[in-house]
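Down below is the structure, laid out as structure tokens.
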Amino acid sequence: MMELIFEKSRPGRAAIAMPDCDVPEINIADVIDKRLLRDDVDLPEVSEVDLVRHYTNLSRRNFGVDVGFYPLGSCTMKYNPKINEEAAALPEFTQLHPFAPVEFAQGSLKLMYELNQYLCEICGMAAFTLQPAAGAHGELTGVMVIKKHFEKKGEARKTILIPDTAHGTNPASSALCGFQVATVRSGSDGSLDINHLAAMMTDDVAGLMLTNPNTLGLFERRIKEVAAIVHAKGGLFYCDGANMNALIGVARPGDMGFDMIQLNLHKTFSTPHGCGGPGSGPLGVAAKLTDFLPVPRVVKIDSGYAWSDAFPDAIGRVRSFYGNFNVMVKAYAYIRSLGAEGLKRAAENAVLNANYIKERLKPYFDLPYDRTCMHECVFSGERQVKESGVHTTDMAKRLLDFGYHPPTIYFPLIVPEAIMIEPTETESRETLDAFCDTMIRIAEEARANPEQVKSAPLTTPVRRLDEVQAARKPDVRWKD
Ligand SMILES: *Cc1c(COP(=O)(O)O)cnc(C)c1O
């Protein structure tokens with residue numbers, strides 16, 4: 001176990017040396033209300049070398065895409081070219097104050113304006129807002145737009161339809177906006193059950209939120225029929241675009257009949273993510289919905305670019321300032337450096353890599369939906385449970401012993417013992433093979449030596465933790 005930084009603390013030790021004070025000293029208590037001052041702040045006192053070693057050692061226990069293969073399905077944990085980080089770190093961007101007069105911010109405004117246009121082109125939408133700070137935030141903004149659309153029409157529709165495969169944020173975003181959520185079933189081929197949808201789609205339904213490719217990693221092939229059913233009853237068709245990594249440059253949600261889509265720039269467009277961000281979840285809409293997008297918006301004027309609030313039907317502001325600008329810079333750099341051809345190739349390789357893994361692992365794990373997959377494939381660990389009582393979670397823990405981040409497990413909920421693998425386009429054939437070899441070895445171990453798999457991980461700094469306890473009653477305080 002590592003000592004905490006507090007346990008390394010020794011009174012009087014410091015990692016900084018302050019220069020002599022060259023201004024008159026004042027007593028802070030004379031200028032600030034005493035009640036606001038605390039003298040009981042218990043900060044660790046450590047030397048510089050102890051400080052550096054502590055955090056360097058901590059960081060070496062972390063796992064990230066720069067360290068190894070990270071096939072976390074639904075999350076698109078792909079390698080992001082460092083050149084895009086460099087662009088986002090340019091002082092011309094980072095030193096710009098968000099309240100700087102527009103004359104001094106023309107470059108940044110232009111970048112946002114053009115990124116907006118690129119996203120419109122990629123998705124087949126009429127306009128985007130870049131304000132939302134995450135995928136779920138983009139969904140929420142989208143549902144607010146849906147609500148406003150029906151308010152303007154004087155209709156009080158109460159329900160949003162969501163498939164049983166959906167990401168949990170979809171019902172959460174709908175419920176937060178005051179909608180009831182009703183679940184549409186998936187058929188035996190892993191696609192939305194169209195008959196069930198048709199039966200549920202009444203004129204009390206505001207819309208359908210669908211992920212395409214869906215969260216089983218499968219393309220919804222009858223997408224135009226689905227759109228027609230929703231539109232025939234006056235509903236709006238929302239695309240959860242978190243899976244766009246499979247489609248960029250190949251197919252456009254707008255052409256499929258979707259009225260709106262949120263993108264996760266931190267998945268598809270080159271921002272590393274995890275641990276809470278920063279992210280960006282732009283929302284794109286079709287022409288009939290552009291009036292409702294948040295303000296302020298970047299507009300083009302004769303002398304360049306400006307902010308405008310002059311959209312009376314806008315839902316308002318959904319984020320402080322203009323969103324997470326540095327993420328937009330990375331997306332812009334990514335799109336410009338790959339170009340149309342490169343983006344398409346990225347999507348094609350993401351799909352190819354997922355199908356390669358699917359074919360190699362198919363003999364060893366149950367594959368509930370045996371179809372060509374998109375950017376991710378979903379296996380089930382049911383065979384292992386039946387044969388030897390080894391669960392998906394055990395195999396995921398065992399992967400840690402071999403230096404892999406496990407895939408997403410137990411999601412989507414409709415697949416028992418789900419193992420959801422998303423390799424992404426940035427992995428080589430050798431990496432994919434090494435991972436598949438390891439998965440096959442674990443499947444063999446599960447049969448020959450189930451106890452070994454059930455007691456994994458064996459080589460990590462901490463062994464198996466009580467996940468329920470950690471999630472429900474996390475103990476994150478050093479002392480009471
Ligand atoms: C990741 C994801 C979301 C939520 O995005 P966040 O940025 O984590 O809020 C929504 N839907 C799907 C399908 C996702 O994979």
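Every chain in the structure tokens has a letter given in the order shown (A, B, ...), and although residue numbers restart at 1 in each chain, ligands are simply numbered from 1 in the order shown.
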From a DSSP pass on the backbone, collect the residues of segment 215-453 of chain A flagged as strand (DSSP E) and hand them back as a PyMOL selection string. chain A and resi 236-241+260-263+283-285+297-301+304-308+377-380+408-409+418-421
Output for the residues just chosen: N, CA and C atoms as an mmCIF file, in the first residue's frame:
data_model
loop_
_atom_site.group_PDB
_atom_site.id
_atom_site.type_symbol
_atom_site.label_atom_id
_atom_site.label_comp_id
_atom_site.auth_asym_id
_atom_site.auth_seq_id
_atom_site.Cartn_x
_atom_site.Cartn_y
_atom_site.Cartn_z
ATOM 1 N N LEU A 236 -40.627 14.037 -32.757
ATOM 2 C CA LEU A 236 -39.269 14.371 -33.180
ATOM 3 C C LEU A 236 -38.377 13.152 -32.978
ATOM 4 N N PHE A 237 -37.370 13.054 -33.831
ATOM 5 C CA PHE A 237 -36.514 11.869 -33.835
ATOM 6 C C PHE A 237 -35.106 12.291 -33.410
ATOM 7 N N TYR A 238 -34.731 11.872 -32.202
ATOM 8 C CA TYR A 238 -33.469 12.299 -31.591
ATOM 9 C C TYR A 238 -32.416 11.202 -31.745
ATOM 10 N N CYS A 239 -31.217 11.563 -32.182
ATOM 11 C CA CYS A 239 -30.121 10.597 -32.278
ATOM 12 C C CYS A 239 -29.117 10.826 -31.159
ATOM 13 N N ASP A 240 -28.904 9.822 -30.332
ATOM 14 C CA ASP A 240 -27.772 9.860 -29.398
ATOM 15 C C ASP A 240 -26.540 9.532 -30.237
ATOM 16 N N GLY A 241 -25.704 10.544 -30.470
ATOM 17 C CA GLY A 241 -24.580 10.396 -31.401
ATOM 18 C C GLY A 241 -23.281 9.960 -30.762
ATOM 19 N N MET A 260 -32.353 15.655 -34.808
ATOM 20 C CA MET A 260 -31.347 16.241 -33.933
ATOM 21 C C MET A 260 -30.371 15.184 -33.465
ATOM 22 N N ILE A 261 -29.196 15.644 -33.050
ATOM 23 C CA ILE A 261 -28.163 14.701 -32.596
ATOM 24 C C ILE A 261 -27.208 15.418 -31.654
ATOM 25 N N GLN A 262 -26.790 14.717 -30.591
ATOM 26 C CA GLN A 262 -25.669 15.254 -29.812
ATOM 27 C C GLN A 262 -24.428 14.436 -30.136
ATOM 28 N N LEU A 263 -23.298 15.100 -30.213
ATOM 29 C CA LEU A 263 -22.028 14.405 -30.426
ATOM 30 C C LEU A 263 -21.246 14.425 -29.119
ATOM 31 N N LEU A 283 -24.899 19.959 -29.698
ATOM 32 C CA LEU A 283 -26.194 19.488 -30.176
ATOM 33 C C LEU A 283 -26.450 20.084 -31.551
ATOM 34 N N GLY A 284 -26.773 19.217 -32.518
ATOM 35 C CA GLY A 284 -27.125 19.673 -33.856
ATOM 36 C C GLY A 284 -28.598 19.444 -34.114
ATOM 37 N N VAL A 285 -29.208 20.355 -34.860
ATOM 38 C CA VAL A 285 -30.642 20.210 -35.141
ATOM 39 C C VAL A 285 -30.936 20.487 -36.618
ATOM 40 N N ARG A 297 -24.888 32.877 -29.681
ATOM 41 C CA ARG A 297 -24.364 32.113 -30.820
ATOM 42 C C ARG A 297 -23.346 32.954 -31.580
ATOM 43 N N VAL A 298 -22.386 32.271 -32.182
ATOM 44 C CA VAL A 298 -21.423 32.973 -33.029
ATOM 45 C C VAL A 298 -22.093 33.228 -34.375
ATOM 46 N N VAL A 299 -22.090 34.479 -34.821
ATOM 47 C CA VAL A 299 -22.659 34.794 -36.134
ATOM 48 C C VAL A 299 -21.618 35.509 -36.981
ATOM 49 N N LYS A 300 -21.822 35.408 -38.286
ATOM 50 C CA LYS A 300 -20.897 36.064 -39.210
ATOM 51 C C LYS A 300 -21.465 37.446 -39.537
ATOM 52 N N ILE A 301 -20.632 38.463 -39.412
ATOM 53 C CA ILE A 301 -21.053 39.815 -39.796
ATOM 54 C C ILE A 301 -20.029 40.356 -40.807
ATOM 55 N N GLY A 304 -16.429 40.366 -39.676
ATOM 56 C CA GLY A 304 -15.858 39.129 -39.135
ATOM 57 C C GLY A 304 -16.905 38.326 -38.392
ATOM 58 N N TYR A 305 -16.642 38.085 -37.084
ATOM 59 C CA TYR A 305 -17.549 37.237 -36.300
ATOM 60 C C TYR A 305 -17.968 37.969 -35.033
ATOM 61 N N ALA A 306 -19.148 37.659 -34.533
ATOM 62 C CA ALA A 306 -19.651 38.334 -33.334
ATOM 63 C C ALA A 306 -20.551 37.381 -32.560
ATOM 64 N N TRP A 307 -20.858 37.761 -31.319
ATOM 65 C CA TRP A 307 -21.840 37.026 -30.517
ATOM 66 C C TRP A 307 -23.205 37.619 -30.756
ATOM 67 N N SER A 308 -24.218 36.768 -30.776
ATOM 68 C CA SER A 308 -25.574 37.294 -30.922
ATOM 69 C C SER A 308 -26.528 36.599 -29.949
ATOM 70 N N CYS A 377 -18.379 -4.789 -30.381
ATOM 71 C CA CYS A 377 -19.086 -6.070 -30.432
ATOM 72 C C CYS A 377 -19.415 -6.496 -29.006
ATOM 73 N N VAL A 378 -20.560 -7.146 -28.871
ATOM 74 C CA VAL A 378 -21.036 -7.510 -27.530
ATOM 75 C C VAL A 378 -21.141 -9.027 -27.399
ATOM 76 N N PHE A 379 -20.308 -9.590 -26.520
ATOM 77 C CA PHE A 379 -20.373 -11.018 -26.203
ATOM 78 C C PHE A 379 -21.129 -11.204 -24.893
ATOM 79 N N SER A 380 -21.414 -12.490 -24.602
ATOM 80 C CA SER A 380 -22.009 -12.817 -23.309
ATOM 81 C C SER A 380 -21.125 -13.858 -22.628
ATOM 82 N N THR A 408 -16.165 -2.876 -21.359
ATOM 83 C CA THR A 408 -17.367 -2.569 -20.584
ATOM 84 C C THR A 408 -18.085 -3.876 -20.273
ATOM 85 N N ILE A 409 -18.553 -4.042 -19.044
ATOM 86 C CA ILE A 409 -19.246 -5.283 -18.700
ATOM 87 C C ILE A 409 -20.630 -4.990 -18.116
ATOM 88 N N ALA A 418 -22.885 -9.403 -20.048
ATOM 89 C CA ALA A 418 -22.369 -8.739 -21.258
ATOM 90 C C ALA A 418 -20.881 -8.389 -21.168
ATOM 91 N N ILE A 419 -20.218 -8.552 -22.309
ATOM 92 C CA ILE A 419 -18.817 -8.137 -22.476
ATOM 93 C C ILE A 419 -18.786 -7.287 -23.744
ATOM 94 N N MET A 420 -18.593 -5.995 -23.600
ATOM 95 C CA MET A 420 -18.749 -5.085 -24.729
ATOM 96 C C MET A 420 -17.395 -4.492 -25.111
ATOM 97 N N ILE A 421 -16.902 -4.900 -26.268
ATOM 98 C CA ILE A 421 -15.525 -4.561 -26.651
ATOM 99 C C ILE A 421 -15.504 -3.529 -27.773
#
Could you please write out, as an MDAnalysis selection string, every residue of segment 52-161 of chain A that DSSP assigns to alpha helix (DSSP H)? chainID A and resid 52:60 82:88 91:94 106:123 135:153
To check your reading of the model: which residues sit at most 6 Å from ligand 1 when counting only C-alpha atoms and all ligand atoms? Write the answer as a PDB file with C-alpha atoms, in the first residue's frame.
ATOM      1  CA  SER A  74     -19.551   2.626 -25.531  1.00  0.00           C
ATOM      2  CA  CYS A  75     -16.772   4.978 -24.409  1.00  0.00           C
ATOM      3  CA  ALA A 134     -20.903  16.483 -21.997  1.00  0.00           C
ATOM      4  CA  GLY A 135     -22.942  13.961 -23.926  1.00  0.00           C
ATOM      5  CA  ALA A 136     -25.621  13.843 -21.245  1.00  0.00           C
ATOM      6  CA  HIS A 167     -27.555   4.389 -22.351  1.00  0.00           C
ATOM      7  CA  THR A 169     -28.388   9.057 -19.587  1.00  0.00           C
ATOM      8  CA  ASP A 240     -27.772   9.860 -29.398  1.00  0.00           C
ATOM      9  CA  ALA A 242     -22.138   8.970 -28.879  1.00  0.00           C
ATOM     10  CA  ASN A 264     -19.504  13.486 -27.780  1.00  0.00           C
TER      11      ASN A 264
END
Tell me, as a list of chain:residue names, which residues lie within 7 Å of segment 334-351 of chain A, counting only C-alpha atoms; anything in the same chain fewer than 6 positions away does not count. A:Asn84, A:Asn245, A:Ala246, A:Leu247, A:Ile248, A:Gly249, A:Val250, A:Phe269, A:Ser270, A:Met374, A:His375, A:Thr424, A:Glu425
What's the 8 Å shell around Ile160 of chain A, counting only C-alpha atoms, without same-chain residues fewer than 3 positions away, as an MDAnalysis selection string? chainID A and resid 174 179:182 205:209
For the residues selected in the previous step, produce a file with C-alpha atoms as a PDB file, in the first residue's frame.
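As written to disk, out-v8.pdb reads:
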ATOM      1  CA  SER A 174     -35.870  13.058 -20.498  1.00  0.00           C
ATOM      2  CA  PHE A 179     -41.138  13.831 -19.579  1.00  0.00           C
ATOM      3  CA  GLN A 180     -42.333  10.332 -18.834  1.00  0.00           C
ATOM      4  CA  VAL A 181     -40.186   7.621 -20.321  1.00  0.00           C
ATOM      5  CA  ALA A 182     -41.600   4.555 -22.051  1.00  0.00           C
ATOM      6  CA  VAL A 205     -45.360  11.086 -27.639  1.00  0.00           C
ATOM      7  CA  ALA A 206     -42.882  13.951 -28.069  1.00  0.00           C
ATOM      8  CA  GLY A 207     -40.222  11.836 -29.673  1.00  0.00           C
ATOM      9  CA  LEU A 208     -37.972   8.812 -29.880  1.00  0.00           C
ATOM     10  CA  MET A 209     -34.368   8.893 -28.639  1.00  0.00           C
TER      11      MET A 209
END
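Nearest residue to Asn62 of chain A, choosing from A:Pro457, A:Pro312, A:Pro412, A:Gly274 and counting only C-alpha atoms: A:Gly274.
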Near Cys177 of chain A, counting only C-alpha atoms, which residues have an atom at most 9 Å away, once you skip same-chain residues fewer than 3 positions from it, shown as a compact mmCIF listing (two decimals) with C-alpha atoms, in the first residue's frame?
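Result written to part.txt:
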# COMPACT_ATOMS: atom_id res chain seq x y z
CA LEU A 140 -30.62 17.48 -21.89
CA VAL A 143 -34.85 17.43 -24.80
CA MET A 144 -35.25 21.11 -23.81
CA LYS A 147 -40.07 20.65 -25.14
CA ALA A 172 -32.36 10.56 -17.13
CA SER A 173 -32.23 13.55 -19.52
CA SER A 174 -35.87 13.06 -20.50
Could you pull the residues within 10 Å of Ile16 of chain A, counting only C-alpha atoms, minus those fewer than 3 positions along the same chain, as number ranges by chain? A: 13, 19, 46-48
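Among the candidates A:Pro171, A:Pro278, A:Pro101, A:Pro416, the one nearest to Pro368 of chain A when counting only C-alpha atoms is A:Pro416.
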I want to know what sits within 9 Å of Phe435 of chain A, based on only C-alpha atoms, with residues of the same chain fewer than 5 positions away left out; could you give that as a VMD selection string? chain A and resid 69 357 404 430 440
Selected residues written out, N, CA and C atoms, as an mmCIF file, in the first residue's frame:
data_model
loop_
_atom_site.group_PDB
_atom_site.id
_atom_site.type_symbol
_atom_site.label_atom_id
_atom_site.label_comp_id
_atom_site.auth_asym_id
_atom_site.auth_seq_id
_atom_site.Cartn_x
_atom_site.Cartn_y
_atom_site.Cartn_z
ATOM 1 N N PHE A 69 -3.867 -0.891 -24.087
ATOM 2 C CA PHE A 69 -5.127 -1.096 -24.817
ATOM 3 C C PHE A 69 -6.308 -0.897 -23.870
ATOM 4 N N ILE A 357 -12.116 -8.622 -34.021
ATOM 5 C CA ILE A 357 -12.190 -9.188 -32.670
ATOM 6 C C ILE A 357 -13.398 -10.118 -32.546
ATOM 7 N N TYR A 404 -4.354 -5.207 -19.298
ATOM 8 C CA TYR A 404 -5.381 -4.592 -20.141
ATOM 9 C C TYR A 404 -6.431 -3.901 -19.296
ATOM 10 N N GLU A 430 -1.433 -6.265 -34.369
ATOM 11 C CA GLU A 430 -0.685 -6.981 -33.336
ATOM 12 C C GLU A 430 -1.337 -6.793 -31.965
ATOM 13 N N ILE A 440 -8.712 -15.499 -25.016
ATOM 14 C CA ILE A 440 -8.849 -16.942 -25.248
ATOM 15 C C ILE A 440 -8.180 -17.715 -24.110
#
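Ranking A:Thr76, A:Gln384, A:Asn195, A:Thr268 by their shortest atom-to-atom distance to Ser280 of chain A, with only C-alpha atoms included, puts A:Thr268 first.
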Write out as JSON lines a residue-level contact list of segment 333-450 of chain A versus segment 464-471 of chain A with cut-off 12 Å: for each qualifying residue the closest pair of atoms and the distance in Å to one decimal, counting only C-alpha atoms, rows sorted by chain and residue number upward.
{"residue": "A:Thr393", "atom": "CA", "partner": "A:Arg464", "partner_atom": "CA", "distance": 10.6}
{"residue": "A:Asp394", "atom": "CA", "partner": "A:Arg464", "partner_atom": "CA", "distance": 9.7}
{"residue": "A:Ala396", "atom": "CA", "partner": "A:Arg464", "partner_atom": "CA", "distance": 11.3}
{"residue": "A:Lys397", "atom": "CA", "partner": "A:Arg464", "partner_atom": "CA", "distance": 7.9}
{"residue": "A:Arg398", "atom": "CA", "partner": "A:Arg464", "partner_atom": "CA", "distance": 10.3}
{"residue": "A:Leu400", "atom": "CA", "partner": "A:Arg464", "partner_atom": "CA", "distance": 10.7}
{"residue": "A:Asp401", "atom": "CA", "partner": "A:Arg464", "partner_atom": "CA", "distance": 11.6}
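You will find atom CA of Gly124 of chain A at 27.5 Å from atom CA of Arg185 of chain A.
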Mind pulling up the distance from atom CA of Met125 of chain A to atom CA of Ala331 of chain A? 17.4 Å
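When only C-alpha atoms are used to measure the gap to Arg429 of chain A, the shortest distance among A:Pro44, A:Leu352, A:Thr460, A:Ser186 belongs to A:Leu352.
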Pick out the closest residue to Ala133 of chain A from this set: A:Val52, A:Val390, A:Ala198, A:Val327. Count only C-alpha atoms. A:Val327
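When atom CA of Gly281 of chain A is paired with atom CA of Ala228 of chain A, their separation reads 26.5 Å.
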